[in-house]
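Structure file target30.pdb; described as PDB, C-alpha atoms and all ligand atoms.
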ATOM      1  CA  MET J   1     -73.727  42.181  35.620  1.00  0.00           C
ATOM      2  CA  SER J   2     -74.887  38.631  35.308  1.00  0.00           C
ATOM      3  CA  SER J   3     -76.780  37.272  38.287  1.00  0.00           C
ATOM      4  CA  GLY J   4     -75.423  33.865  37.378  1.00  0.00           C
ATOM      5  CA  LYS J   5     -78.818  32.261  37.315  1.00  0.00           C
ATOM      6  CA  LEU J   6     -80.945  31.003  34.503  1.00  0.00           C
ATOM      7  CA  THR J   7     -84.658  31.245  35.037  1.00  0.00           C
ATOM      8  CA  LYS J   8     -87.249  29.023  33.452  1.00  0.00           C
ATOM      9  CA  GLY J   9     -90.098  31.015  31.994  1.00  0.00           C
ATOM     10  CA  ALA J  10     -93.225  31.739  33.996  1.00  0.00           C
ATOM     11  CA  LEU J  11     -96.672  31.129  32.539  1.00  0.00           C
ATOM     12  CA  LEU J  12     -98.548  34.205  33.708  1.00  0.00           C
ATOM     13  CA  ILE J  13    -102.264  33.518  33.450  1.00  0.00           C
ATOM     14  CA  VAL J  14    -104.258  36.717  33.842  1.00  0.00           C
ATOM     15  CA  SER J  15    -108.047  36.733  34.254  1.00  0.00           C
ATOM     16  CA  GLY J  16    -110.637  39.221  35.430  1.00  0.00           C
ATOM     17  CA  ALA J  17    -114.122  40.308  34.476  1.00  0.00           C
ATOM     18  CA  SER J  18    -114.658  42.775  31.657  1.00  0.00           C
ATOM     19  CA  GLY J  19    -114.454  46.295  33.011  1.00  0.00           C
ATOM     20  CA  THR J  20    -111.498  45.528  35.284  1.00  0.00           C
ATOM     21  CA  GLY J  21    -109.024  47.013  32.794  1.00  0.00           C
ATOM     22  CA  LYS J  22    -107.255  43.688  32.413  1.00  0.00           C
ATOM     23  CA  SER J  23    -106.341  44.087  28.727  1.00  0.00           C
ATOM     24  CA  THR J  24    -104.911  47.592  29.177  1.00  0.00           C
ATOM     25  CA  LEU J  25    -102.891  46.389  32.146  1.00  0.00           C
ATOM     26  CA  CYS J  26    -101.569  43.402  30.204  1.00  0.00           C
ATOM     27  CA  SER J  27    -100.551  45.439  27.171  1.00  0.00           C
ATOM     28  CA  LYS J  28     -98.748  48.014  29.351  1.00  0.00           C
ATOM     29  CA  LEU J  29     -96.913  45.253  31.193  1.00  0.00           C
ATOM     30  CA  LEU J  30     -95.908  43.611  27.899  1.00  0.00           C
ATOM     31  CA  GLY J  31     -94.472  46.922  26.736  1.00  0.00           C
ATOM     32  CA  MET J  32     -92.303  47.134  29.848  1.00  0.00           C
ATOM     33  CA  ARG J  33     -90.901  43.616  30.039  1.00  0.00           C
ATOM     34  CA  LYS J  34     -88.917  42.355  27.046  1.00  0.00           C
ATOM     35  CA  ASN J  35     -88.778  38.808  28.354  1.00  0.00           C
ATOM     36  CA  LEU J  36     -92.567  38.644  28.559  1.00  0.00           C
ATOM     37  CA  ARG J  37     -94.457  37.539  25.454  1.00  0.00           C
ATOM     38  CA  PHE J  38     -98.146  37.603  24.723  1.00  0.00           C
ATOM     39  CA  SER J  39     -99.773  34.312  23.792  1.00  0.00           C
ATOM     40  CA  ILE J  40    -101.960  35.089  20.780  1.00  0.00           C
ATOM     41  CA  SER J  41    -105.236  33.211  21.189  1.00  0.00           C
ATOM     42  CA  CYS J  42    -107.453  31.763  18.510  1.00  0.00           C
ATOM     43  CA  THR J  43    -111.009  33.055  18.396  1.00  0.00           C
ATOM     44  CA  THR J  44    -114.090  32.571  16.283  1.00  0.00           C
ATOM     45  CA  ARG J  45    -115.351  36.099  16.952  1.00  0.00           C
ATOM     46  CA  GLY J  46    -114.828  38.691  14.237  1.00  0.00           C
ATOM     47  CA  PRO J  47    -112.071  41.326  14.517  1.00  0.00           C
ATOM     48  CA  ARG J  48    -112.996  44.660  16.119  1.00  0.00           C
ATOM     49  CA  SER J  49    -111.791  47.848  14.496  1.00  0.00           C
ATOM     50  CA  GLY J  50    -108.019  48.133  14.815  1.00  0.00           C
ATOM     51  CA  GLU J  51    -107.503  44.446  15.599  1.00  0.00           C
ATOM     52  CA  ILE J  52    -104.984  42.634  13.414  1.00  0.00           C
ATOM     53  CA  ASP J  53    -105.025  38.924  12.604  1.00  0.00           C
ATOM     54  CA  GLY J  54    -101.898  37.315  14.047  1.00  0.00           C
ATOM     55  CA  THR J  55    -101.244  40.224  16.437  1.00  0.00           C
ATOM     56  CA  HIS J  56    -104.300  40.490  18.684  1.00  0.00           C
ATOM     57  CA  TYR J  57    -105.857  37.127  17.846  1.00  0.00           C
ATOM     58  CA  TYR J  58    -105.807  34.459  15.179  1.00  0.00           C
ATOM     59  CA  PHE J  59    -109.295  34.942  13.779  1.00  0.00           C
ATOM     60  CA  LEU J  60    -110.651  31.560  12.694  1.00  0.00           C
ATOM     61  CA  SER J  61    -113.858  30.119  11.317  1.00  0.00           C
ATOM     62  CA  VAL J  62    -115.748  27.758  13.643  1.00  0.00           C
ATOM     63  CA  GLU J  63    -114.745  24.907  11.327  1.00  0.00           C
ATOM     64  CA  ASP J  64    -111.017  25.742  11.509  1.00  0.00           C
ATOM     65  CA  PHE J  65    -111.260  26.164  15.282  1.00  0.00           C
ATOM     66  CA  LYS J  66    -112.887  22.734  15.633  1.00  0.00           C
ATOM     67  CA  GLY J  67    -110.140  21.261  13.430  1.00  0.00           C
ATOM     68  CA  LYS J  68    -107.539  22.511  15.887  1.00  0.00           C
ATOM     69  CA  VAL J  69    -109.531  21.063  18.786  1.00  0.00           C
ATOM     70  CA  ALA J  70    -109.574  17.690  16.996  1.00  0.00           C
ATOM     71  CA  ASN J  71    -105.795  17.939  16.394  1.00  0.00           C
ATOM     72  CA  ASN J  72    -105.262  18.552  20.095  1.00  0.00           C
ATOM     73  CA  GLU J  73    -103.541  21.874  19.385  1.00  0.00           C
ATOM     74  CA  PHE J  74    -104.960  23.746  22.387  1.00  0.00           C
ATOM     75  CA  ILE J  75    -103.828  23.786  26.015  1.00  0.00           C
ATOM     76  CA  GLU J  76    -107.302  25.047  26.833  1.00  0.00           C
ATOM     77  CA  TYR J  77    -110.323  26.382  25.033  1.00  0.00           C
ATOM     78  CA  ALA J  78    -113.710  27.700  26.091  1.00  0.00           C
ATOM     79  CA  GLU J  79    -116.866  29.336  24.852  1.00  0.00           C
ATOM     80  CA  VAL J  80    -116.985  32.948  26.019  1.00  0.00           C
ATOM     81  CA  HIS J  81    -119.964  35.226  25.209  1.00  0.00           C
ATOM     82  CA  GLY J  82    -121.056  32.837  22.428  1.00  0.00           C
ATOM     83  CA  ASN J  83    -117.671  32.533  20.676  1.00  0.00           C
ATOM     84  CA  PHE J  84    -114.820  30.049  20.991  1.00  0.00           C
ATOM     85  CA  TYR J  85    -111.442  31.096  22.345  1.00  0.00           C
ATOM     86  CA  GLY J  86    -108.383  28.893  22.774  1.00  0.00           C
ATOM     87  CA  THR J  87    -104.699  28.948  23.694  1.00  0.00           C
ATOM     88  CA  LEU J  88    -102.401  27.164  21.267  1.00  0.00           C
ATOM     89  CA  LYS J  89     -99.686  24.922  22.690  1.00  0.00           C
ATOM     90  CA  SER J  90     -97.375  26.363  20.026  1.00  0.00           C
ATOM     91  CA  GLU J  91     -97.716  29.847  21.586  1.00  0.00           C
ATOM     92  CA  VAL J  92     -96.502  28.621  24.946  1.00  0.00           C
ATOM     93  CA  ALA J  93     -94.323  25.507  25.290  1.00  0.00           C
ATOM     94  CA  ASP J  94     -91.152  26.425  23.337  1.00  0.00           C
ATOM     95  CA  ARG J  95     -90.971  29.898  24.822  1.00  0.00           C
ATOM     96  CA  LEU J  96     -91.235  28.615  28.380  1.00  0.00           C
ATOM     97  CA  SER J  97     -88.507  26.056  27.689  1.00  0.00           C
ATOM     98  CA  CYS J  98     -86.245  28.873  26.468  1.00  0.00           C
ATOM     99  CA  GLY J  99     -86.810  30.863  29.655  1.00  0.00           C
ATOM    100  CA  THR J 100     -89.205  33.377  28.129  1.00  0.00           C
ATOM    101  CA  ASP J 101     -92.224  34.378  30.235  1.00  0.00           C
ATOM    102  CA  VAL J 102     -95.586  33.977  28.526  1.00  0.00           C
ATOM    103  CA  LEU J 103     -98.699  35.999  29.328  1.00  0.00           C
ATOM    104  CA  LEU J 104    -102.143  34.521  28.776  1.00  0.00           C
ATOM    105  CA  ASP J 105    -105.101  36.923  28.911  1.00  0.00           C
ATOM    106  CA  ILE J 106    -107.879  34.330  29.251  1.00  0.00           C
ATOM    107  CA  ASP J 107    -111.181  33.841  31.020  1.00  0.00           C
ATOM    108  CA  VAL J 108    -111.703  31.885  34.253  1.00  0.00           C
ATOM    109  CA  GLN J 109    -112.893  28.728  32.475  1.00  0.00           C
ATOM    110  CA  GLY J 110    -109.626  28.499  30.516  1.00  0.00           C
ATOM    111  CA  ALA J 111    -107.518  29.362  33.564  1.00  0.00           C
ATOM    112  CA  MET J 112    -109.230  26.634  35.615  1.00  0.00           C
ATOM    113  CA  GLN J 113    -108.622  24.104  32.818  1.00  0.00           C
ATOM    114  CA  ILE J 114    -104.884  24.853  32.866  1.00  0.00           C
ATOM    115  CA  LYS J 115    -104.827  24.770  36.682  1.00  0.00           C
ATOM    116  CA  GLU J 116    -106.416  21.314  36.557  1.00  0.00           C
ATOM    117  CA  LYS J 117    -103.947  20.088  33.906  1.00  0.00           C
ATOM    118  CA  ALA J 118    -101.020  21.394  35.929  1.00  0.00           C
ATOM    119  CA  LYS J 119    -101.863  18.882  38.669  1.00  0.00           C
ATOM    120  CA  THR J 120    -100.641  16.055  36.459  1.00  0.00           C
ATOM    121  CA  ASP J 121     -98.302  17.899  34.078  1.00  0.00           C
ATOM    122  CA  ASP J 122     -94.894  18.690  35.600  1.00  0.00           C
ATOM    123  CA  PHE J 123     -94.018  21.216  32.928  1.00  0.00           C
ATOM    124  CA  LEU J 124     -97.158  23.256  33.588  1.00  0.00           C
ATOM    125  CA  LYS J 125     -96.860  22.775  37.332  1.00  0.00           C
ATOM    126  CA  ALA J 126     -93.388  24.315  37.272  1.00  0.00           C
ATOM    127  CA  SER J 127     -94.412  27.380  35.314  1.00  0.00           C
ATOM    128  CA  ILE J 128     -98.020  28.309  36.138  1.00  0.00           C
ATOM    129  CA  GLU J 129     -98.760  31.569  38.006  1.00  0.00           C
ATOM    130  CA  LEU J 130    -102.414  32.590  38.256  1.00  0.00           C
ATOM    131  CA  VAL J 131    -103.184  36.284  38.560  1.00  0.00           C
ATOM    132  CA  PHE J 132    -106.655  37.720  39.066  1.00  0.00           C
ATOM    133  CA  ILE J 133    -107.390  41.357  38.264  1.00  0.00           C
ATOM    134  CA  GLY J 134    -110.222  42.709  40.384  1.00  0.00           C
ATOM    135  CA  PRO J 135    -112.151  45.987  40.359  1.00  0.00           C
ATOM    136  CA  PRO J 136    -112.065  48.153  43.519  1.00  0.00           C
ATOM    137  CA  SER J 137    -115.737  47.226  44.090  1.00  0.00           C
ATOM    138  CA  PHE J 138    -118.672  45.769  42.209  1.00  0.00           C
ATOM    139  CA  GLU J 139    -120.309  49.219  42.093  1.00  0.00           C
ATOM    140  CA  GLU J 140    -117.215  50.662  40.419  1.00  0.00           C
ATOM    141  CA  LEU J 141    -117.217  47.851  37.858  1.00  0.00           C
ATOM    142  CA  GLU J 142    -120.859  48.612  37.055  1.00  0.00           C
ATOM    143  CA  ARG J 143    -120.031  52.310  36.708  1.00  0.00           C
ATOM    144  CA  ARG J 144    -117.149  51.511  34.300  1.00  0.00           C
ATOM    145  CA  LEU J 145    -119.311  49.227  32.165  1.00  0.00           C
ATOM    146  CA  ARG J 146    -122.085  51.825  31.985  1.00  0.00           C
ATOM    147  CA  ASN J 147    -119.631  54.610  31.149  1.00  0.00           C
ATOM    148  CA  ARG J 148    -118.608  52.885  27.909  1.00  0.00           C
ATOM    149  CA  LYS J 149    -121.966  54.040  26.547  1.00  0.00           C
ATOM    150  CA  THR J 150    -121.659  51.611  23.643  1.00  0.00           C
ATOM    151  CA  ASP J 151    -123.851  48.823  25.009  1.00  0.00           C
ATOM    152  CA  SER J 152    -127.598  48.493  25.451  1.00  0.00           C
ATOM    153  CA  GLU J 153    -129.120  47.961  28.922  1.00  0.00           C
ATOM    154  CA  GLU J 154    -129.648  44.305  28.026  1.00  0.00           C
ATOM    155  CA  VAL J 155    -125.965  43.844  27.116  1.00  0.00           C
ATOM    156  CA  ILE J 156    -124.861  45.672  30.279  1.00  0.00           C
ATOM    157  CA  LYS J 157    -127.076  43.406  32.429  1.00  0.00           C
ATOM    158  CA  LYS J 158    -125.590  40.318  30.752  1.00  0.00           C
ATOM    159  CA  ARG J 159    -122.040  41.597  31.247  1.00  0.00           C
ATOM    160  CA  LEU J 160    -122.731  42.333  34.926  1.00  0.00           C
ATOM    161  CA  GLU J 161    -124.169  38.875  35.431  1.00  0.00           C
ATOM    162  CA  ASN J 162    -121.088  37.329  33.769  1.00  0.00           C
ATOM    163  CA  ALA J 163    -118.804  39.601  35.796  1.00  0.00           C
ATOM    164  CA  ARG J 164    -120.399  38.458  39.057  1.00  0.00           C
ATOM    165  CA  LYS J 165    -119.759  34.825  38.119  1.00  0.00           C
ATOM    166  CA  GLU J 166    -116.159  35.510  37.046  1.00  0.00           C
ATOM    167  CA  LEU J 167    -115.361  37.543  40.159  1.00  0.00           C
ATOM    168  CA  SER J 168    -116.449  34.676  42.407  1.00  0.00           C
ATOM    169  CA  PHE J 169    -113.396  32.720  41.167  1.00  0.00           C
ATOM    170  CA  TRP J 170    -110.750  35.051  42.550  1.00  0.00           C
ATOM    171  CA  ARG J 171    -109.722  32.716  45.371  1.00  0.00           C
ATOM    172  CA  GLU J 172    -108.721  30.059  42.849  1.00  0.00           C
ATOM    173  CA  TYR J 173    -105.850  32.326  41.776  1.00  0.00           C
ATOM    174  CA  ASP J 174    -102.389  32.731  43.325  1.00  0.00           C
ATOM    175  CA  TYR J 175    -102.395  36.532  43.249  1.00  0.00           C
ATOM    176  CA  LEU J 176    -104.970  39.298  43.367  1.00  0.00           C
ATOM    177  CA  VAL J 177    -104.253  42.716  41.841  1.00  0.00           C
ATOM    178  CA  ILE J 178    -106.897  45.408  42.350  1.00  0.00           C
ATOM    179  CA  ASN J 179    -107.103  47.819  39.469  1.00  0.00           C
ATOM    180  CA  ASP J 180    -108.278  51.014  41.118  1.00  0.00           C
ATOM    181  CA  GLU J 181    -105.704  53.262  39.521  1.00  0.00           C
ATOM    182  CA  LEU J 182    -103.914  51.980  36.408  1.00  0.00           C
ATOM    183  CA  GLU J 183    -100.385  53.133  37.289  1.00  0.00           C
ATOM    184  CA  LYS J 184    -100.596  51.642  40.783  1.00  0.00           C
ATOM    185  CA  ALA J 185    -101.940  48.315  39.429  1.00  0.00           C
ATOM    186  CA  LEU J 186     -99.180  48.272  36.813  1.00  0.00           C
ATOM    187  CA  GLY J 187     -96.604  48.806  39.542  1.00  0.00           C
ATOM    188  CA  ASP J 188     -98.123  45.862  41.433  1.00  0.00           C
ATOM    189  CA  MET J 189     -97.925  43.661  38.321  1.00  0.00           C
ATOM    190  CA  ILE J 190     -94.240  44.523  37.859  1.00  0.00           C
ATOM    191  CA  LYS J 191     -93.482  43.762  41.508  1.00  0.00           C
ATOM    192  CA  LEU J 192     -95.377  40.523  41.135  1.00  0.00           C
ATOM    193  CA  LEU J 193     -93.416  39.454  38.046  1.00  0.00           C
ATOM    194  CA  ASP J 194     -90.120  40.318  39.725  1.00  0.00           C
ATOM    195  CA  SER J 195     -91.077  38.286  42.805  1.00  0.00           C
ATOM    196  CA  ILE J 196     -92.097  35.344  40.643  1.00  0.00           C
ATOM    197  CA  HIS J 197     -88.545  35.270  39.273  1.00  0.00           C
ATOM    198  CA  MET J 198     -87.244  34.796  42.794  1.00  0.00           C
ATOM    199  CA  ARG J 199     -89.311  31.650  43.273  1.00  0.00           C
ATOM    200  CA  SER J 200     -86.941  28.720  43.393  1.00  0.00           C
ATOM    201  CA  ARG J 201     -89.097  26.737  40.983  1.00  0.00           C
ATOM    202  CA  HIS J 202     -88.414  29.289  38.240  1.00  0.00           C
ATOM    203  CA  ILE J 203     -84.658  29.124  38.776  1.00  0.00           C
ATOM    204  CA  GLU J 204     -82.916  26.432  36.783  1.00  0.00           C
ATOM    205  CA  ARG J 205     -79.455  26.801  38.221  1.00  0.00           C
ATOM    206  CA  THR J 206     -77.276  29.256  40.099  1.00  0.00           C
ATOM    207  CA  ALA J 207     -73.631  30.269  39.942  1.00  0.00           C
ATOM    208  CA  PHE J 208     -73.060  28.485  43.259  1.00  0.00           C
ATOM    209  CA  ASP J 209     -74.364  25.110  42.081  1.00  0.00           C
ATOM    210  CA  VAL J 210     -71.481  22.662  42.104  1.00  0.00           C
TER     211      VAL J 210
HETATM  212  P1  LIG E   1    -112.561  39.733  23.907  1.00  0.00           P
HETATM  213  O1  LIG E   1    -113.486  39.135  22.892  1.00  0.00           O
HETATM  214  O2  LIG E   1    -113.177  40.926  24.599  1.00  0.00           O
HETATM  215  O3  LIG E   1    -111.200  40.035  23.336  1.00  0.00           O
HETATM  216  O4  LIG E   1    -112.323  38.635  25.041  1.00  0.00           O
HETATM  217  C1  LIG E   1    -113.397  38.092  25.747  1.00  0.00           C
HETATM  218  C2  LIG E   1    -112.857  37.209  26.862  1.00  0.00           C
HETATM  219  O5  LIG E   1    -112.208  36.068  26.306  1.00  0.00           O
HETATM  220  C3  LIG E   1    -111.823  37.895  27.750  1.00  0.00           C
HETATM  221  O6  LIG E   1    -112.135  37.608  29.103  1.00  0.00           O
HETATM  222  C4  LIG E   1    -110.528  37.221  27.381  1.00  0.00           C
HETATM  223  O7  LIG E   1    -109.632  37.171  28.463  1.00  0.00           O
HETATM  224  C5  LIG E   1    -111.013  35.842  27.012  1.00  0.00           C
HETATM  225  N1  LIG E   1    -110.049  35.109  26.164  1.00  0.00           N
HETATM  226  C6  LIG E   1    -109.204  35.604  25.226  1.00  0.00           C
HETATM  227  N2  LIG E   1    -108.454  34.637  24.705  1.00  0.00           N
HETATM  228  C7  LIG E   1    -108.807  33.493  25.336  1.00  0.00           C
HETATM  229  C8  LIG E   1    -108.362  32.134  25.254  1.00  0.00           C
HETATM  230  O8  LIG E   1    -107.474  31.757  24.493  1.00  0.00           O
HETATM  231  N3  LIG E   1    -108.980  31.231  26.073  1.00  0.00           N
HETATM  232  C9  LIG E   1    -109.970  31.582  26.945  1.00  0.00           C
HETATM  233  N4  LIG E   1    -110.474  30.626  27.710  1.00  0.00           N
HETATM  234  N5  LIG E   1    -110.410  32.844  27.059  1.00  0.00           N
HETATM  235  C10 LIG E   1    -109.835  33.788  26.273  1.00  0.00           C
END
Take the structure in the file and give it back as structure tokens.
Ligand code: 5GP
Amino acid sequence: MSSGKLTKGALLIVSGASGTGKSTLCSKLLGMRKNLRFSISCTTRGPRSGEIDGTHYYFLSVEDFKGKVANNEFIEYAEVHGNFYGTLKSEVADRLSCGTDVLLDIDVQGAMQIKEKAKTDDFLKASIELVFIGPPSFEELERRLRNRKTDSEEVIKKRLENARKELSFWREYDYLVINDELEKALGDMIKLLDSIHMRSRHIERTAFDV
């Protein structure tokens, strides 16, 4: 049955330190919501095993990335762990206009850039929803990072230092989801997305508008 309302898409910006399970959470959510699309970012880092160009990222040379910066093609971009990452306007604007929700898995620097832009950009202001994924505790985050067993002590220390900085931004976000148990956090994300659709600013018109 039609609800008689047309919703404008939500721009779901998801951040959280590495080790919070943010990417797993995002990909599970994307698999469960057809109207939610992933914004494929550009990056200058090389692909990891299993990553596909044009699916996980657009893998670019530094020169090509800088060309896109010069052409003003990004909504935001930032240097993360020594590589550039950026969100293309073309991944976002048309979809939101059509009522499709768009998910951005980006770091706090990028999220804060979009938050700042939204202050003077009505289109962004109407669609932006900032979600922070947090670990149950800092000790648990450290345990998760150490359990990967792929990184050296030096890399782990650097990641923990970065994580501490990133985690301090949580209050800048509209929502906080704690990822203690994946299924529970996923349930929270679904509830959150459903609630977002009830916000009047995401509703373009109703069946009772005359
Ligand atoms: P990874 O290299 O592990 O895929 O991502 C490293 C970090 O970069 C993650 O925190 C991820 O959310 C962030 N990231 C991915 N794409 C973008 C983007 O387009 N812009 C910004 N600012 N950060 C991004």
Given 10 Å and all atoms listed in the file, residues near ligand LIG 1 (chain E) as a count of residues only: 51
Extract, using only C-alpha atoms, all DNA, RNA and protein residues at most 8 Å from region 174-184 of chain J, discarding same-chain residues fewer than 3 positions from it, and format them as an MDAnalysis selection string. chainID J and resid 20:21 25 129:136 170:171 187:189
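Excluding region 151-162 of chain J and any residue on its chain fewer than 5 positions from it, the residues at most 7 Å away by only C-alpha atoms are J:Glu142, J:Leu145, J:Arg146.
Taking CA of Leu186 (chain J) as the reference point, CA of Arg144 (chain J) is found at 18.4 Å.
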Would you translate the PyMOL selection byres (((chain J and resi 203) around 10) and not hetatm) into the concrete set of residues it matches in this file, as a tab-separated table (two decimals) with C-alpha atoms, in the frame of the given file?
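That gives us part_1.tsv:
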chain	number	residue	atom	x	y	z
J	5	LYS	CA	-78.82	32.26	37.32
J	6	LEU	CA	-80.94	31.00	34.50
J	7	THR	CA	-84.66	31.24	35.04
J	8	LYS	CA	-87.25	29.02	33.45
J	9	GLY	CA	-90.10	31.02	31.99
J	99	GLY	CA	-86.81	30.86	29.66
J	196	ILE	CA	-92.10	35.34	40.64
J	197	HIS	CA	-88.54	35.27	39.27
J	198	MET	CA	-87.24	34.80	42.79
J	199	ARG	CA	-89.31	31.65	43.27
J	200	SER	CA	-86.94	28.72	43.39
J	201	ARG	CA	-89.10	26.74	40.98
J	202	HIS	CA	-88.41	29.29	38.24
J	204	GLU	CA	-82.92	26.43	36.78
J	205	ARG	CA	-79.46	26.80	38.22
J	206	THR	CA	-77.28	29.26	40.10
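Pairwise distance (CA of Arg37 (chain J), CA of Leu103 (chain J)) equals 5.9 Å.
Reported to one decimal place, the separation of CA of Tyr173 (chain J) from CA of Cys98 (chain J) is 25.1 Å.
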